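The file model19.cif contains mmCIF, C-alpha atoms and all ligand atoms:
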```
data_final
loop_
_atom_site.label_atom_id
_atom_site.label_comp_id
_atom_site.auth_asym_id
_atom_site.auth_seq_id
_atom_site.Cartn_x
_atom_site.Cartn_y
_atom_site.Cartn_z
CA MET A 1407 10.73 19.20 -12.24
CA GLN A 1408 12.81 16.07 -12.45
CA LEU A 1409 12.56 12.57 -11.03
CA THR A 1410 15.84 10.68 -11.30
CA ILE A 1411 16.01 6.94 -10.74
CA LYS A 1412 19.52 5.49 -10.58
CA ASN A 1413 20.63 1.85 -10.45
CA ILE A 1414 17.52 0.59 -8.63
CA SER A 1415 17.48 -3.16 -7.90
CA LYS A 1416 15.10 -5.28 -5.87
CA THR A 1417 15.02 -9.02 -5.24
CA TYR A 1418 12.06 -10.31 -3.22
CA PRO A 1419 12.63 -12.88 -0.43
CA ASN A 1420 11.36 -15.63 -2.77
CA GLY A 1421 14.29 -14.93 -5.10
CA VAL A 1422 12.35 -13.02 -7.82
CA LYS A 1423 14.49 -10.17 -9.17
CA ALA A 1424 11.74 -7.61 -9.87
CA LEU A 1425 14.01 -4.61 -10.59
CA ASN A 1426 17.41 -5.02 -12.17
CA ASN A 1427 19.72 -1.99 -12.12
CA LEU A 1428 16.99 0.27 -13.50
CA ASN A 1429 17.71 3.86 -14.58
CA LEU A 1430 15.23 6.53 -15.70
CA SER A 1431 15.02 10.28 -15.83
CA ILE A 1432 11.49 11.72 -15.86
CA GLY A 1433 10.54 15.37 -16.41
CA SER A 1434 7.20 17.28 -16.23
CA GLY A 1435 4.15 15.95 -18.05
CA MET A 1436 2.80 12.46 -18.52
CA PHE A 1437 5.32 9.64 -18.53
CA GLY A 1438 4.12 6.22 -19.68
CA LEU A 1439 5.64 3.13 -18.12
CA LEU A 1440 4.71 0.19 -20.30
CA GLY A 1441 5.42 -3.45 -19.69
CA PRO A 1442 3.74 -6.86 -19.65
CA ASN A 1443 2.38 -8.47 -16.47
CA GLY A 1444 5.21 -9.12 -14.05
CA ALA A 1445 7.61 -6.67 -15.75
CA GLY A 1446 8.25 -4.83 -12.48
CA LYS A 1447 6.01 -1.79 -12.98
CA SER A 1448 4.21 -2.01 -9.63
CA SER A 1449 7.47 -2.76 -7.82
CA LEU A 1450 8.96 0.41 -9.29
CA MET A 1451 5.82 2.48 -8.54
CA ARG A 1452 5.73 1.27 -4.92
CA THR A 1453 9.45 2.06 -4.57
CA ILE A 1454 9.03 5.63 -5.87
CA ALA A 1455 5.99 6.02 -3.58
CA THR A 1456 8.27 4.95 -0.65
CA LEU A 1457 6.04 1.97 0.16
CA GLN A 1458 8.94 -0.45 -0.23
CA ASP A 1459 12.71 -0.11 -0.18
CA PRO A 1460 14.96 -1.24 -3.00
CA ASP A 1461 18.11 -3.28 -2.26
CA GLU A 1462 20.23 -0.72 -4.07
CA GLY A 1463 19.99 2.58 -5.90
CA ILE A 1464 19.06 6.23 -5.54
CA ILE A 1465 15.87 8.14 -6.36
CA SER A 1466 15.68 11.93 -6.22
CA PHE A 1467 12.89 14.39 -6.99
CA ASN A 1468 13.66 18.12 -7.18
CA GLY A 1469 16.44 17.84 -4.61
CA ILE A 1470 14.57 15.45 -2.27
CA ASP A 1471 16.32 12.15 -1.57
CA VAL A 1472 13.16 10.04 -2.04
CA LEU A 1473 14.42 6.91 -0.30
CA LYS A 1474 15.67 8.77 2.78
CA GLU A 1475 13.34 11.76 3.17
CA LYS A 1476 10.07 9.83 3.18
CA ASP A 1477 8.12 12.49 5.07
CA ALA A 1478 9.09 15.10 2.50
CA VAL A 1479 7.96 12.75 -0.28
CA LYS A 1480 4.55 12.26 1.36
CA ASN A 1481 3.96 16.02 1.09
CA ILE A 1482 4.50 16.10 -2.67
CA LEU A 1483 3.22 12.65 -3.67
CA GLY A 1484 -0.17 11.54 -4.98
CA TYR A 1485 -0.50 7.79 -5.47
CA LEU A 1486 -3.33 5.86 -7.09
CA PRO A 1487 -2.56 2.19 -6.41
CA GLN A 1488 -3.72 -0.73 -8.54
CA GLU A 1489 -5.91 -2.12 -5.74
CA PHE A 1490 -7.89 -0.01 -3.32
CA GLY A 1491 -9.34 -2.56 -0.96
CA VAL A 1492 -12.76 -1.88 0.49
CA TYR A 1493 -14.42 1.47 0.92
CA PRO A 1494 -16.26 2.28 4.12
CA ARG A 1495 -19.99 2.99 3.66
CA ILE A 1496 -19.74 6.75 3.88
CA SER A 1497 -20.31 9.34 1.19
CA ALA A 1498 -17.62 10.30 -1.33
CA GLN A 1499 -17.55 13.80 0.13
CA GLU A 1500 -17.08 12.56 3.71
CA LEU A 1501 -14.40 10.10 2.65
CA LEU A 1502 -12.46 12.75 0.75
CA ASN A 1503 -12.78 15.09 3.72
CA HIS A 1504 -11.46 12.35 6.01
CA PHE A 1505 -8.40 11.78 3.81
CA ALA A 1506 -7.84 15.53 3.62
CA VAL A 1507 -7.55 15.56 7.43
CA LEU A 1508 -5.06 12.68 7.27
CA LYS A 1509 -3.12 14.60 4.63
CA GLY A 1510 -2.72 17.41 7.19
CA ILE A 1511 -5.21 19.93 5.78
CA HIS A 1512 -6.52 21.00 9.20
CA ALA A 1513 -8.29 24.30 8.47
CA ALA A 1514 -11.96 23.34 7.92
CA SER A 1515 -12.66 26.07 5.36
CA GLU A 1516 -9.57 25.23 3.28
CA ARG A 1517 -10.50 21.55 3.45
CA LYS A 1518 -14.08 22.17 2.36
CA GLU A 1519 -12.90 24.28 -0.55
CA MET A 1520 -10.40 21.65 -1.67
CA VAL A 1521 -12.89 18.76 -1.38
CA GLN A 1522 -15.44 20.67 -3.48
CA PHE A 1523 -12.81 21.68 -6.03
CA LEU A 1524 -11.59 18.09 -6.43
CA LEU A 1525 -15.09 16.60 -6.65
CA ASN A 1526 -15.79 19.05 -9.44
CA GLN A 1527 -12.49 18.38 -11.18
CA VAL A 1528 -13.13 14.63 -11.35
CA ASN A 1529 -16.75 15.24 -12.31
CA LEU A 1530 -18.23 13.59 -9.21
CA PHE A 1531 -19.77 16.64 -7.54
CA LYS A 1532 -23.31 15.54 -8.34
CA ASP A 1533 -22.52 12.09 -6.87
CA ARG A 1534 -20.79 13.45 -3.76
CA LYS A 1535 -23.49 12.19 -1.37
CA LYS A 1536 -23.38 8.63 -2.70
CA SER A 1537 -21.25 6.01 -1.02
CA VAL A 1538 -18.09 5.15 -2.99
CA HIS A 1539 -18.82 1.41 -2.74
CA THR A 1540 -21.86 1.98 -5.01
CA PHE A 1541 -19.72 3.72 -7.70
CA SER A 1542 -18.96 2.12 -11.08
CA GLY A 1543 -15.35 1.14 -11.83
CA GLY A 1544 -14.71 4.39 -13.70
CA MET A 1545 -16.24 6.53 -10.95
CA LYS A 1546 -14.09 4.73 -8.37
CA GLN A 1547 -10.97 5.45 -10.43
CA ARG A 1548 -11.94 9.13 -10.76
CA PHE A 1549 -12.52 9.23 -7.02
CA GLY A 1550 -9.06 7.65 -6.60
CA ILE A 1551 -7.59 10.51 -8.61
CA ALA A 1552 -9.34 13.04 -6.35
CA LEU A 1553 -7.73 11.26 -3.38
CA ALA A 1554 -4.34 11.31 -5.09
CA LEU A 1555 -4.68 15.04 -5.82
CA LEU A 1556 -5.32 16.02 -2.18
CA GLY A 1557 -2.67 18.44 -0.94
CA LYS A 1558 -1.62 19.58 -4.44
CA PRO A 1559 1.03 16.94 -5.18
CA GLU A 1560 3.87 17.56 -7.65
CA LEU A 1561 4.55 13.89 -8.31
CA ILE A 1562 1.59 11.68 -9.18
CA ILE A 1563 1.77 7.95 -9.72
CA VAL A 1564 -1.13 6.02 -11.23
CA ASP A 1565 -0.82 2.25 -11.48
CA GLU A 1566 -2.86 0.56 -14.25
CA PRO A 1567 -5.84 2.90 -13.79
CA THR A 1568 -7.90 2.03 -16.87
CA ALA A 1569 -7.87 -1.77 -16.61
CA GLY A 1570 -11.49 -2.92 -16.59
CA LEU A 1571 -13.03 0.42 -17.61
CA ASP A 1572 -15.44 0.64 -20.54
CA PRO A 1573 -14.32 2.82 -23.50
CA ALA A 1574 -16.34 5.89 -22.46
CA GLU A 1575 -15.07 5.82 -18.87
CA ARG A 1576 -11.53 5.14 -20.06
CA ASN A 1577 -11.74 8.18 -22.30
CA ARG A 1578 -13.12 10.34 -19.49
CA PHE A 1579 -10.41 9.11 -17.13
CA ASN A 1580 -7.64 9.76 -19.67
CA ASN A 1581 -8.92 13.29 -20.29
CA LEU A 1582 -8.77 13.89 -16.57
CA LEU A 1583 -5.19 12.62 -16.38
CA SER A 1584 -4.17 14.82 -19.25
CA GLU A 1585 -5.72 17.89 -17.53
CA ILE A 1586 -3.86 17.33 -14.27
CA SER A 1587 -0.48 16.61 -15.82
CA GLU A 1588 0.42 20.20 -16.60
CA ASP A 1589 3.21 21.46 -14.32
CA LYS A 1590 3.49 18.10 -12.56
CA VAL A 1591 5.28 14.81 -13.06
CA VAL A 1592 2.64 12.13 -13.70
CA ILE A 1593 3.74 8.53 -14.12
CA LEU A 1594 1.21 6.24 -15.74
CA SER A 1595 2.01 2.58 -15.35
CA THR A 1596 0.06 0.39 -17.74
CA HIS A 1597 0.09 -2.48 -20.19
CA ILE A 1598 -2.36 -0.64 -22.47
CA VAL A 1599 -0.30 0.73 -25.36
CA ASP A 1600 -3.10 3.03 -26.56
CA ASP A 1601 -3.24 4.86 -23.22
CA VAL A 1602 0.44 5.77 -23.57
CA LYS A 1603 -0.03 6.73 -27.22
CA ASP A 1604 -2.95 9.02 -26.35
CA LEU A 1605 -1.48 10.68 -23.29
CA CYS A 1606 2.27 10.56 -22.84
CA ASN A 1607 5.04 12.85 -24.07
CA ASP A 1608 7.72 10.51 -22.78
CA MET A 1609 7.79 6.79 -22.07
CA ALA A 1610 9.75 3.68 -21.22
CA ILE A 1611 9.13 0.02 -21.89
CA ILE A 1612 10.32 -2.29 -19.13
CA ASN A 1613 10.52 -6.04 -18.82
CA ASN A 1614 12.23 -8.32 -16.30
CA GLY A 1615 12.93 -5.25 -14.19
CA GLU A 1616 15.02 -3.56 -16.90
CA VAL A 1617 14.44 -0.59 -19.20
CA LEU A 1618 14.33 -1.85 -22.80
CA VAL A 1619 13.40 1.40 -24.54
CA ASN A 1620 13.08 5.02 -23.38
CA GLY A 1621 12.12 8.16 -25.29
CA ARG A 1622 9.33 10.17 -26.89
CA PRO A 1623 6.65 7.90 -28.40
CA SER A 1624 6.87 9.72 -31.75
CA ASP A 1625 10.68 9.28 -31.89
CA LEU A 1626 10.44 5.60 -31.02
CA ILE A 1627 7.85 5.12 -33.79
CA THR A 1628 10.04 7.01 -36.30
CA GLU A 1629 12.93 4.62 -35.56
CA LEU A 1630 10.83 1.79 -37.03
CA ASN A 1631 9.97 3.68 -40.24
CA GLY A 1632 10.36 1.45 -43.30
CA LYS A 1633 10.91 -1.69 -41.21
CA ILE A 1634 7.34 -2.87 -40.54
CA TRP A 1635 5.70 -5.15 -43.10
CA GLU A 1636 2.14 -6.37 -43.04
CA LYS A 1637 0.38 -9.37 -44.54
CA ARG A 1638 -2.97 -11.09 -44.16
CA ILE A 1639 -2.45 -14.84 -43.85
CA SER A 1640 -4.58 -17.86 -43.01
CA LYS A 1641 -4.63 -19.38 -39.53
CA GLN A 1642 -3.01 -22.54 -40.88
CA GLU A 1643 -0.01 -20.54 -42.16
CA MET A 1644 0.70 -18.95 -38.77
CA GLU A 1645 3.30 -21.44 -37.49
CA GLU A 1646 5.20 -21.32 -40.79
CA TYR A 1647 5.35 -17.47 -40.68
CA LYS A 1648 6.39 -17.50 -37.03
CA ALA A 1649 9.30 -19.78 -37.94
CA SER A 1650 10.38 -17.81 -41.03
CA TYR A 1651 9.96 -14.16 -40.01
CA GLN A 1652 10.49 -11.89 -37.02
CA LEU A 1653 6.79 -11.68 -36.31
CA ILE A 1654 5.96 -8.91 -33.84
CA THR A 1655 2.16 -8.60 -33.84
CA SER A 1656 -0.78 -10.60 -35.06
CA HIS A 1657 -4.37 -9.35 -34.98
CA LEU A 1658 -7.49 -10.98 -36.24
CA ASN A 1659 -9.05 -8.88 -38.96
CA GLU A 1660 -12.34 -10.14 -40.32
CA GLY A 1661 -11.46 -13.47 -38.76
CA LYS A 1662 -8.05 -13.79 -40.44
CA PRO A 1663 -4.64 -13.05 -38.91
CA LEU A 1664 -3.07 -9.76 -39.98
CA ILE A 1665 0.59 -10.01 -39.12
CA HIS A 1666 3.37 -7.43 -38.74
CA VAL A 1667 6.99 -8.41 -39.17
CA LEU A 1668 10.09 -6.38 -38.40
CA GLN A 1669 12.69 -6.44 -41.17
CA GLU A 1670 15.09 -3.92 -42.74
CA GLU A 1671 14.60 -5.24 -46.31
CA ASN A 1672 11.38 -5.95 -48.18
CA PRO A 1673 10.38 -9.57 -47.39
CA HIS A 1674 8.36 -9.67 -50.69
CA ASN A 1675 6.07 -12.74 -50.64
CA GLY A 1676 2.98 -10.47 -50.57
CA PHE A 1677 4.06 -8.28 -47.64
CA GLU A 1678 3.28 -4.55 -47.77
CA LYS A 1679 5.15 -1.78 -46.02
CA VAL A 1680 3.02 -0.02 -43.37
CA ASN A 1681 3.50 2.96 -41.09
CA PRO A 1682 4.71 1.72 -37.70
CA ASP A 1683 2.68 2.47 -34.58
CA LEU A 1684 3.38 2.32 -30.86
CA GLU A 1685 2.19 -1.26 -30.65
CA ASP A 1686 4.95 -2.22 -33.12
CA VAL A 1687 7.45 -0.39 -30.89
CA TYR A 1688 6.14 -2.20 -27.80
CA PHE A 1689 6.12 -5.72 -29.22
CA SER A 1690 9.42 -5.35 -31.04
CA ALA A 1691 10.98 -4.25 -27.72
CA ILE A 1692 9.60 -7.03 -25.53
CA LYS A 1693 10.17 -9.85 -28.01
N1 LIG B 1 5.79 -8.98 -2.65
C1 LIG B 1 6.30 -9.79 -3.57
N2 LIG B 1 6.94 -10.93 -3.21
C2 LIG B 1 7.46 -11.75 -4.15
N3 LIG B 1 7.42 -11.53 -5.47
C3 LIG B 1 6.79 -10.41 -5.88
C4 LIG B 1 6.19 -9.49 -4.96
N4 LIG B 1 5.64 -8.47 -5.67
C5 LIG B 1 5.89 -8.76 -6.96
N5 LIG B 1 6.57 -9.91 -7.10
C6 LIG B 1 7.07 -10.51 -8.35
O1 LIG B 1 7.95 -9.55 -8.93
C7 LIG B 1 7.77 -9.48 -10.35
C8 LIG B 1 7.37 -8.07 -10.76
O2 LIG B 1 6.05 -7.82 -10.25
P1 LIG B 1 5.30 -6.42 -10.39
O3 LIG B 1 4.00 -6.55 -9.67
O4 LIG B 1 6.22 -5.35 -10.00
O5 LIG B 1 5.08 -6.37 -11.95
P2 LIG B 1 4.03 -5.53 -12.81
O6 LIG B 1 4.77 -5.10 -14.02
O7 LIG B 1 3.42 -4.48 -11.96
O8 LIG B 1 2.97 -6.62 -13.18
P3 LIG B 1 1.35 -6.53 -13.18
O9 LIG B 1 1.01 -5.77 -14.42
O10 LIG B 1 0.97 -7.99 -13.27
O11 LIG B 1 0.96 -5.89 -11.90
C9 LIG B 1 6.73 -10.54 -10.68
O12 LIG B 1 7.43 -11.72 -11.02
C10 LIG B 1 5.98 -10.73 -9.39
O13 LIG B 1 5.44 -12.02 -9.28
#
```
Rewrite the structure of this file - the entire thing - as structure tokens.
Amino acid sequence: MQLTIKNISKTYPNGVKALNNLNLSIGSGMFGLLGPNGAGKSSLMRTIATLQDPDEGIISFNGIDVLKEKDAVKNILGYLPQEFGVYPRISAQELLNHFAVLKGIHAASERKEMVQFLLNQVNLFKDRKKSVHTFSGGMKQRFGIALALLGKPELIIVDEPTAGLDPAERNRFNNLLSEISEDKVVILSTHIVDDVKDLCNDMAIINNGEVLVNGRPSDLITELNGKIWEKRISKQEMEEYKASYQLITSHLNEGKPLIHVLQEENPHNGFEKVNPDLEDVYFSAIK
């Protein structure tokens, strides 16, 4: 399975260039698309999901011309958007059944079987009679995945699914994503670096509508080996360090900033070499 994105550009009517000659090649498994707010992730996700047209470029998936054969894409696509809107006050089971009809699953017995299977898969079977508008954020997202999985899609797009979830729900949701990603292309768009680290075998970092970095997370981390230096400083020293070093991350640790700088040679001055992580990759790319 292969999704190929070639030279995709999009400028909105207000003049914002959201996608700028973007190229990516995405195979089976979980692909993480990381970028800060406004990077162009949702614009790219909506374009692949055929909800908006780019100004230029080509997208193909297993021989389907995605931008031209929209009906064919609908048959193989599962899309979990960032915003759902409002749910009608009917049970989860009825709602899923309704969407299954819309998806073209007309045989009642096949539909019933699929609805039950999906409710079980997303661990909502016991809640199937409750109305979705009473669900917690995590339950709503799991229900969204059940909707996206209707009709056995081969290409699944999930846009910032764990924003706002508590750690337990986020973990449950990520386990679910990891289960469904076998033999499918799953694109996870997010600004949460840890989600990509936990789940994805391939990734890209985008900003200003362009791909900055693309590869396996472990390879991208290895490229920074020996170049990340850490030091605990005081808050007052922060501006001075920002001016003197290529500072890529700063976390508070026991109330004091713990900074990471990117540098080939040892900066001395109390810095210690540390093993790079994906957050170092992310911030060194977008800075
Ligand atoms: N319909 C639109 N009309 C005009 N500008 C838009 C539209 N949609 C997005 N933009 C702008 O395009 C840029 C990319 O937005 P996009 O939503 O694709 O980014 P994102 O990476 O998904 O960000 P976020 O994480 O905040 O959702 C932003 O500057 C945004 O304000």
Counting all atoms listed in the file, the residue among A:Pro1460, A:Gly1435, A:Gly1621, A:Pro1673 that lies closest to Tyr1418 of chain A is A:Pro1460
Neighbouring residues of ligand LIG 1 (chain B) are defined here as those with any atom at most 9 Å from a ligand atom, counting all atoms listed in the file; list them as a CSV table (one decimal) with C-alpha atoms, in the frame of the given file.
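Final file, pocket-v2.csv:
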```
chain,number,residue,atom,x,y,z
A,1416,LYS,CA,15.1,-5.3,-5.9
A,1417,THR,CA,15.0,-9.0,-5.2
A,1418,TYR,CA,12.1,-10.3,-3.2
A,1419,PRO,CA,12.6,-12.9,-0.4
A,1420,ASN,CA,11.4,-15.6,-2.8
A,1421,GLY,CA,14.3,-14.9,-5.1
A,1422,VAL,CA,12.4,-13.0,-7.8
A,1423,LYS,CA,14.5,-10.2,-9.2
A,1424,ALA,CA,11.7,-7.6,-9.9
A,1425,LEU,CA,14.0,-4.6,-10.6
A,1440,LEU,CA,4.7,0.2,-20.3
A,1441,GLY,CA,5.4,-3.4,-19.7
A,1442,PRO,CA,3.7,-6.9,-19.6
A,1443,ASN,CA,2.4,-8.5,-16.5
A,1444,GLY,CA,5.2,-9.1,-14.0
A,1445,ALA,CA,7.6,-6.7,-15.8
A,1446,GLY,CA,8.2,-4.8,-12.5
A,1447,LYS,CA,6.0,-1.8,-13.0
A,1448,SER,CA,4.2,-2.0,-9.6
A,1449,SER,CA,7.5,-2.8,-7.8
A,1450,LEU,CA,9.0,0.4,-9.3
A,1451,MET,CA,5.8,2.5,-8.5
A,1452,ARG,CA,5.7,1.3,-4.9
A,1488,GLN,CA,-3.7,-0.7,-8.5
A,1565,ASP,CA,-0.8,2.2,-11.5
A,1566,GLU,CA,-2.9,0.6,-14.2
A,1595,SER,CA,2.0,2.6,-15.4
A,1596,THR,CA,0.1,0.4,-17.7
A,1597,HIS,CA,0.1,-2.5,-20.2
A,1612,ILE,CA,10.3,-2.3,-19.1
A,1613,ASN,CA,10.5,-6.0,-18.8
A,1614,ASN,CA,12.2,-8.3,-16.3
A,1615,GLY,CA,12.9,-5.2,-14.2
```
Residues at most 9 Å from Leu1483 of chain A, counting all atoms listed in the file, excluding those fewer than 4 positions away in the same chain, as a PyMOL selection string?
chain A and resi 1455+1478-1479+1554-1555+1557-1563
Per-residue nearest contacts segment 1566-1599 of chain A to segment 1541-1547 of chain A, cut-off 12 Å, using only C-alpha atoms, as a tab-separated table:
```
residue	atom	partner	partner_atom	distance
A:Glu1566	CA	A:Gln1547	CA	10.2
A:Pro1567	CA	A:Gln1547	CA	6.6
A:Thr1568	CA	A:Gly1544	CA	7.9
A:Ala1569	CA	A:Gly1543	CA	9.3
A:Gly1570	CA	A:Gly1543	CA	7.4
A:Leu1571	CA	A:Gly1544	CA	5.8
A:Asp1572	CA	A:Gly1544	CA	7.8
A:Pro1573	CA	A:Gly1544	CA	9.9
A:Ala1574	CA	A:Gly1544	CA	9.0
A:Glu1575	CA	A:Gly1544	CA	5.4
A:Arg1576	CA	A:Gly1544	CA	7.2
A:Asn1577	CA	A:Gly1544	CA	9.9
A:Arg1578	CA	A:Gly1544	CA	8.5
A:Phe1579	CA	A:Gly1544	CA	7.2
A:Asn1580	CA	A:Gly1544	CA	10.7
A:Leu1582	CA	A:Gln1547	CA	10.7
A:Leu1583	CA	A:Gln1547	CA	11.0
```
Give me the segment 1537-1613 of chain A side of the contact with segment 1679-1693 of chain A, cut-off 12 Å, one line per residue showing its nearest atom pair and distance in Å at one decimal, counting all atoms listed in the file, sorted by chain and residue number, as CSV.
```
residue,atom,partner,partner_atom,distance
A:His1597,CA,A:Tyr1688,CA,9.7
A:Ile1598,CA,A:Glu1685,CA,9.4
A:Val1599,CA,A:Glu1685,CA,6.2
A:Asp1600,CA,A:Leu1684,CA,7.8
A:Asp1601,CA,A:Leu1684,CA,10.4
A:Val1602,CA,A:Leu1684,CA,8.6
A:Lys1603,CA,A:Leu1684,CA,6.7
A:Asp1604,CA,A:Leu1684,CA,10.3
A:Cys1606,CA,A:Leu1684,CA,11.6
A:Met1609,CA,A:Tyr1688,CA,10.8
A:Ala1610,CA,A:Tyr1688,CA,9.5
A:Ile1611,CA,A:Tyr1688,CA,7.0
A:Ile1612,CA,A:Ile1692,CA,8.0
A:Asn1613,CA,A:Ile1692,CA,6.8
```
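Proximity to Phe1437 of chain A at 7 Å, evaluated using all atoms listed in the file and with sequence-adjacent residues fewer than 4 positions away removed, yields Val1592, Ile1593, Leu1594, Cys1606, Asn1607, Asp1608 and Met1609 of chain A.
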Atom pair atom CA of Leu1658 of chain A / atom CA of Leu1439 of chain A: separation (Å)
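Taking atom CA of Leu1658 of chain A as the start and atom CA of Leu1439 of chain A as the end point, the length is 26.5 Å.
Of the listed residues (A:Ala1506, A:Ser1584, A:Pro1494, A:Ser1656), A:Ser1584 comes nearest to Val1528 of chain A; the distances count all atoms listed in the file.
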Between A:Gly1661, A:Gly1632, A:Pro1487, A:Gly1676, which residue has the minimum interatomic distance to Val1564 of chain A, considering only C-alpha atoms?
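Using only C-alpha atoms, Val1564 of chain A sits closest to A:Pro1487.
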With only C-alpha atoms as the counted atoms, please give the residues lying no more than 12 Å from Glu1643 of chain A, apart from itself and same-chain residues fewer than 6 positions off, as a PDB file with C-alpha atoms, in the frame of the given file.
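Saved to result-v2.pdb:
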```pdb
ATOM      1  CA  LYS A1637       0.380  -9.370 -44.540  1.00  0.00           C
ATOM      2  CA  ALA A1649       9.300 -19.780 -37.940  1.00  0.00           C
ATOM      3  CA  SER A1650      10.380 -17.810 -41.030  1.00  0.00           C
ATOM      4  CA  LYS A1662      -8.050 -13.790 -40.440  1.00  0.00           C
ATOM      5  CA  PRO A1663      -4.640 -13.050 -38.910  1.00  0.00           C
ATOM      6  CA  LEU A1664      -3.070  -9.760 -39.980  1.00  0.00           C
ATOM      7  CA  ILE A1665       0.590 -10.010 -39.120  1.00  0.00           C
TER       8      ILE A1665
END
```
Tell me, in Å to one decimal, how far atom CA of Leu1653 of chain A is from atom CA of Thr1628 of chain A.
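Between atom CA of Leu1653 of chain A and atom CA of Thr1628 of chain A the gap is 19.0 Å.
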I'd like the neighbourhood of Ile1464 of chain A as a list in words, where a residue qualifies if any of its atoms comes within 12 Å (using only C-alpha atoms), though same-chain residues fewer than 4 positions away should be ignored.
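Surrounding residues, per the criterion: Leu1409, Thr1410, Ile1411, Lys1412, Asn1413, Ile1414, Ser1415, Asn1427, Leu1428, Asn1429, Leu1430, Ser1431, Thr1453, Ile1454, Thr1456, Asp1459, Pro1460, Gly1469, Ile1470, Asp1471, Val1472, Leu1473, Lys1474 and Glu1475 of chain A.
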Export of the given selection (C-alpha atoms) as a short mmCIF file (atom, residue, chain, number, x, y, z; two decimals), keeping the file's coordinate frame:
```cif
data_model
loop_
_atom_site.label_atom_id
_atom_site.label_comp_id
_atom_site.auth_asym_id
_atom_site.auth_seq_id
_atom_site.Cartn_x
_atom_site.Cartn_y
_atom_site.Cartn_z
CA LEU A 1409 12.56 12.57 -11.03
CA THR A 1410 15.84 10.68 -11.30
CA ILE A 1411 16.01 6.94 -10.74
CA LYS A 1412 19.52 5.49 -10.58
CA ASN A 1413 20.63 1.85 -10.45
CA ILE A 1414 17.52 0.59 -8.63
CA SER A 1415 17.48 -3.16 -7.90
CA ASN A 1427 19.72 -1.99 -12.12
CA LEU A 1428 16.99 0.27 -13.50
CA ASN A 1429 17.71 3.86 -14.58
CA LEU A 1430 15.23 6.53 -15.70
CA SER A 1431 15.02 10.28 -15.83
CA THR A 1453 9.45 2.06 -4.57
CA ILE A 1454 9.03 5.63 -5.87
CA THR A 1456 8.27 4.95 -0.65
CA ASP A 1459 12.71 -0.11 -0.18
CA PRO A 1460 14.96 -1.24 -3.00
CA GLY A 1469 16.44 17.84 -4.61
CA ILE A 1470 14.57 15.45 -2.27
CA ASP A 1471 16.32 12.15 -1.57
CA VAL A 1472 13.16 10.04 -2.04
CA LEU A 1473 14.42 6.91 -0.30
CA LYS A 1474 15.67 8.77 2.78
CA GLU A 1475 13.34 11.76 3.17
#
```
For the contact check between segment 1514-1625 of chain A and segment 1497-1503 of chain A, emit one row per residue of segment 1514-1625 of chain A within 6 Å, containing the shortest atom pair and the distance in Å rounded to one decimal, counting only C-alpha atoms, chain then rising number order, as JSON lines.
```
{"residue": "A:Arg1534", "atom": "CA", "partner": "A:Gln1499", "partner_atom": "CA", "distance": 5.1}
{"residue": "A:Lys1535", "atom": "CA", "partner": "A:Ser1497", "partner_atom": "CA", "distance": 5.0}
{"residue": "A:Lys1536", "atom": "CA", "partner": "A:Ser1497", "partner_atom": "CA", "distance": 5.0}
{"residue": "A:Ser1537", "atom": "CA", "partner": "A:Ser1497", "partner_atom": "CA", "distance": 4.1}
{"residue": "A:Val1538", "atom": "CA", "partner": "A:Ala1498", "partner_atom": "CA", "distance": 5.4}
```
Write a file of the selected residues as an mmCIF file, keeping the file's coordinate frame, keeping C-alpha atoms.
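Result file is selection-v8.cif:
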```cif
data_model
loop_
_atom_site.group_PDB
_atom_site.id
_atom_site.type_symbol
_atom_site.label_atom_id
_atom_site.label_comp_id
_atom_site.auth_asym_id
_atom_site.auth_seq_id
_atom_site.Cartn_x
_atom_site.Cartn_y
_atom_site.Cartn_z
ATOM 1 C CA ARG A 1534 -20.790 13.450 -3.760
ATOM 2 C CA LYS A 1535 -23.490 12.190 -1.370
ATOM 3 C CA LYS A 1536 -23.380 8.630 -2.700
ATOM 4 C CA SER A 1537 -21.250 6.010 -1.020
ATOM 5 C CA VAL A 1538 -18.090 5.150 -2.990
#
```
Working from the structure I just supplied, which lacks atoms in segment 1577-1584 of chain A, can you model N, CA and C atoms there and output them as a compact mmCIF listing (two decimals), in the frame of the given file?
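Output saved as out-v8.txt:
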```
# COMPACT_ATOMS: atom_id res chain seq x y z
N ASN A 1577 -11.96 6.91 -21.64
CA ASN A 1577 -11.74 8.18 -22.30
C ASN A 1577 -11.86 9.34 -21.31
N ARG A 1578 -12.91 9.29 -20.49
CA ARG A 1578 -13.12 10.34 -19.49
C ARG A 1578 -11.95 10.38 -18.51
N PHE A 1579 -11.51 9.18 -18.09
CA PHE A 1579 -10.41 9.11 -17.13
C PHE A 1579 -9.11 9.66 -17.75
N ASN A 1580 -8.87 9.29 -19.01
CA ASN A 1580 -7.64 9.76 -19.67
C ASN A 1580 -7.65 11.27 -19.87
N ASN A 1581 -8.82 11.83 -20.17
CA ASN A 1581 -8.92 13.29 -20.29
C ASN A 1581 -8.57 13.96 -18.97
N LEU A 1582 -9.05 13.36 -17.90
CA LEU A 1582 -8.77 13.89 -16.57
C LEU A 1582 -7.26 13.86 -16.29
N LEU A 1583 -6.64 12.72 -16.60
CA LEU A 1583 -5.19 12.62 -16.38
C LEU A 1583 -4.45 13.68 -17.17
N SER A 1584 -4.86 13.87 -18.40
CA SER A 1584 -4.17 14.82 -19.25
C SER A 1584 -4.33 16.26 -18.70
```
